[in-house]
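Peer 1: Below is one structure. I have some questions about it.
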Amino acid sequence: MCQLTWSLPSGQLIASAMGVTPLAAADLAELGPYGFQSSTPLWYYVLKEAEVVADGLHLGPVGGRIVAEVLIGLIQSDPSSYLVHKPRWKPTLTSAGSSFRMTDFLTFAGVDPASRGQ
């Protein structure tokens, strides 16, 4: 498994570095004629991972983590971000007796699925 283009490591190398089991060569069979089954360009690997792991409905573990880490890095490097100004802030929109959940945020915004039909 090597670096392919623009000095980016292959999808398999990134998956291994993240502790994620890489896609099987059979999952990438269409790349056989090009020799990329075991050293897949990262962009292709992320898209194929989403197809294999989640029927293309959302990113898989490698793609999801890349996107999340980029967003976190952008927020942390923005001198005007809330995270920079209030690093110890904790969500306050919690349900009674539980920790913060996405449904708490959706309820606050007035778009939670439970009340949309009302």
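All residue names refer to the structure tokens as shown: chains lettered A, B, ... in order, residues numbered from 1 in each chain, ligands numbered from 1 in order.
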Counting only C-alpha atoms, give me one row per residue of region 58-116 of chain A with an atom at most 10 Å from an atom of region 14-32 of chain A, showing the shortest contact pair and its distance in Å to one decimal, sorted by chain then residue number, as a tab-separated table.
Peer 2:
residue	atom	partner	partner_atom	distance
A:Pro61	CA	A:Val20	CA	7.3
A:Val62	CA	A:Ala15	CA	6.0
A:Gly63	CA	A:Ala15	CA	9.4
A:Arg65	CA	A:Met18	CA	8.9
A:Ile66	CA	A:Ile14	CA	9.7
Peer 1: When DSSP is applied to the backbone of this structure, which of chain A are assigned helix (DSSP H, G or I)? Write them out as a ChimeraX atom specification.
Peer 2: /A:11-18,25-34,42-54,61-77,82-85,102-109,113-116
Peer 1: How would the residues just chosen look if you wrote them out with C-alpha atoms as an mmCIF file, in the first residue's frame?
Peer 2:
data_model
loop_
_atom_site.group_PDB
_atom_site.id
_atom_site.type_symbol
_atom_site.label_atom_id
_atom_site.label_comp_id
_atom_site.auth_asym_id
_atom_site.auth_seq_id
_atom_site.Cartn_x
_atom_site.Cartn_y
_atom_site.Cartn_z
ATOM 1 C CA GLY A 11 -7.547 4.800 1.788
ATOM 2 C CA GLN A 12 -6.264 1.526 3.220
ATOM 3 C CA LEU A 13 -3.306 3.257 4.920
ATOM 4 C CA ILE A 14 -5.605 5.878 6.444
ATOM 5 C CA ALA A 15 -8.053 3.201 7.648
ATOM 6 C CA SER A 16 -5.212 1.246 9.251
ATOM 7 C CA ALA A 17 -3.795 4.372 10.907
ATOM 8 C CA MET A 18 -7.266 5.067 12.359
ATOM 9 C CA ALA A 25 -10.157 -6.246 -1.969
ATOM 10 C CA ALA A 26 -13.457 -7.820 -3.081
ATOM 11 C CA ASP A 27 -15.230 -4.558 -2.183
ATOM 12 C CA LEU A 28 -12.924 -2.800 -4.621
ATOM 13 C CA ALA A 29 -12.979 -5.443 -7.366
ATOM 14 C CA GLU A 30 -13.780 -2.886 -10.071
ATOM 15 C CA LEU A 31 -10.326 -1.367 -9.489
ATOM 16 C CA GLY A 32 -8.530 -4.643 -10.247
ATOM 17 C CA PRO A 33 -7.617 -3.707 -13.839
ATOM 18 C CA TYR A 34 -5.948 -0.537 -12.530
ATOM 19 C CA LEU A 42 -8.344 8.277 -0.783
ATOM 20 C CA TRP A 43 -11.205 10.122 -2.498
ATOM 21 C CA TYR A 44 -12.414 6.904 -4.153
ATOM 22 C CA TYR A 45 -11.953 4.898 -0.970
ATOM 23 C CA VAL A 46 -14.117 7.330 1.035
ATOM 24 C CA LEU A 47 -16.929 7.153 -1.530
ATOM 25 C CA LYS A 48 -16.725 3.347 -1.828
ATOM 26 C CA GLU A 49 -16.633 2.979 1.952
ATOM 27 C CA ALA A 50 -19.880 4.964 2.195
ATOM 28 C CA GLU A 51 -21.451 2.686 -0.419
ATOM 29 C CA VAL A 52 -20.280 -0.548 1.233
ATOM 30 C CA VAL A 53 -20.836 0.395 4.878
ATOM 31 C CA ALA A 54 -24.001 2.517 4.627
ATOM 32 C CA PRO A 61 -15.721 5.522 9.546
ATOM 33 C CA VAL A 62 -12.776 6.874 7.517
ATOM 34 C CA GLY A 63 -14.712 9.510 5.567
ATOM 35 C CA GLY A 64 -16.757 10.556 8.586
ATOM 36 C CA ARG A 65 -13.714 11.015 10.763
ATOM 37 C CA ILE A 66 -11.895 13.032 8.097
ATOM 38 C CA VAL A 67 -14.859 15.399 7.756
ATOM 39 C CA ALA A 68 -15.308 15.654 11.548
ATOM 40 C CA GLU A 69 -11.620 16.372 12.170
ATOM 41 C CA VAL A 70 -11.564 19.049 9.472
ATOM 42 C CA LEU A 71 -14.629 20.762 10.962
ATOM 43 C CA ILE A 72 -13.209 20.554 14.496
ATOM 44 C CA GLY A 73 -9.896 21.959 13.271
ATOM 45 C CA LEU A 74 -11.644 24.854 11.549
ATOM 46 C CA ILE A 75 -13.650 25.686 14.673
ATOM 47 C CA GLN A 76 -10.572 25.457 16.902
ATOM 48 C CA SER A 77 -8.529 27.692 14.602
ATOM 49 C CA TYR A 82 -17.542 29.979 20.510
ATOM 50 C CA LEU A 83 -15.252 27.064 21.302
ATOM 51 C CA VAL A 84 -12.235 29.388 21.466
ATOM 52 C CA HIS A 85 -14.023 31.937 23.666
ATOM 53 C CA MET A 102 -29.351 15.702 19.149
ATOM 54 C CA THR A 103 -33.103 15.531 19.794
ATOM 55 C CA ASP A 104 -32.653 18.209 22.490
ATOM 56 C CA PHE A 105 -31.174 20.526 19.875
ATOM 57 C CA LEU A 106 -33.904 19.695 17.343
ATOM 58 C CA THR A 107 -36.592 20.302 19.965
ATOM 59 C CA PHE A 108 -35.063 23.683 20.833
ATOM 60 C CA ALA A 109 -34.997 24.592 17.124
ATOM 61 C CA PRO A 113 -39.409 14.741 14.171
ATOM 62 C CA ALA A 114 -41.772 13.900 17.045
ATOM 63 C CA SER A 115 -43.553 17.258 16.879
ATOM 64 C CA ARG A 116 -43.342 17.967 13.136
#
Peer 1: Suppose you want the space between CA of Gly35 (chain A) and CA of Leu8 (chain A); what is it in Å?
Peer 2: 16.8 Å
Peer 1: Please report the interatomic distance between CA of Leu59 (chain A) and CA of Pro9 (chain A) in Å with one decimal.
Peer 2: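 Distance between the two atoms: 18.6 Å.
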Peer 1: Which distance in Å separates CA of Pro87 (chain A) and CA of Gly60 (chain A), to one decimal?
Peer 2: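 Going from CA of Pro87 (chain A) over to CA of Gly60 (chain A), I get 28.7 Å.
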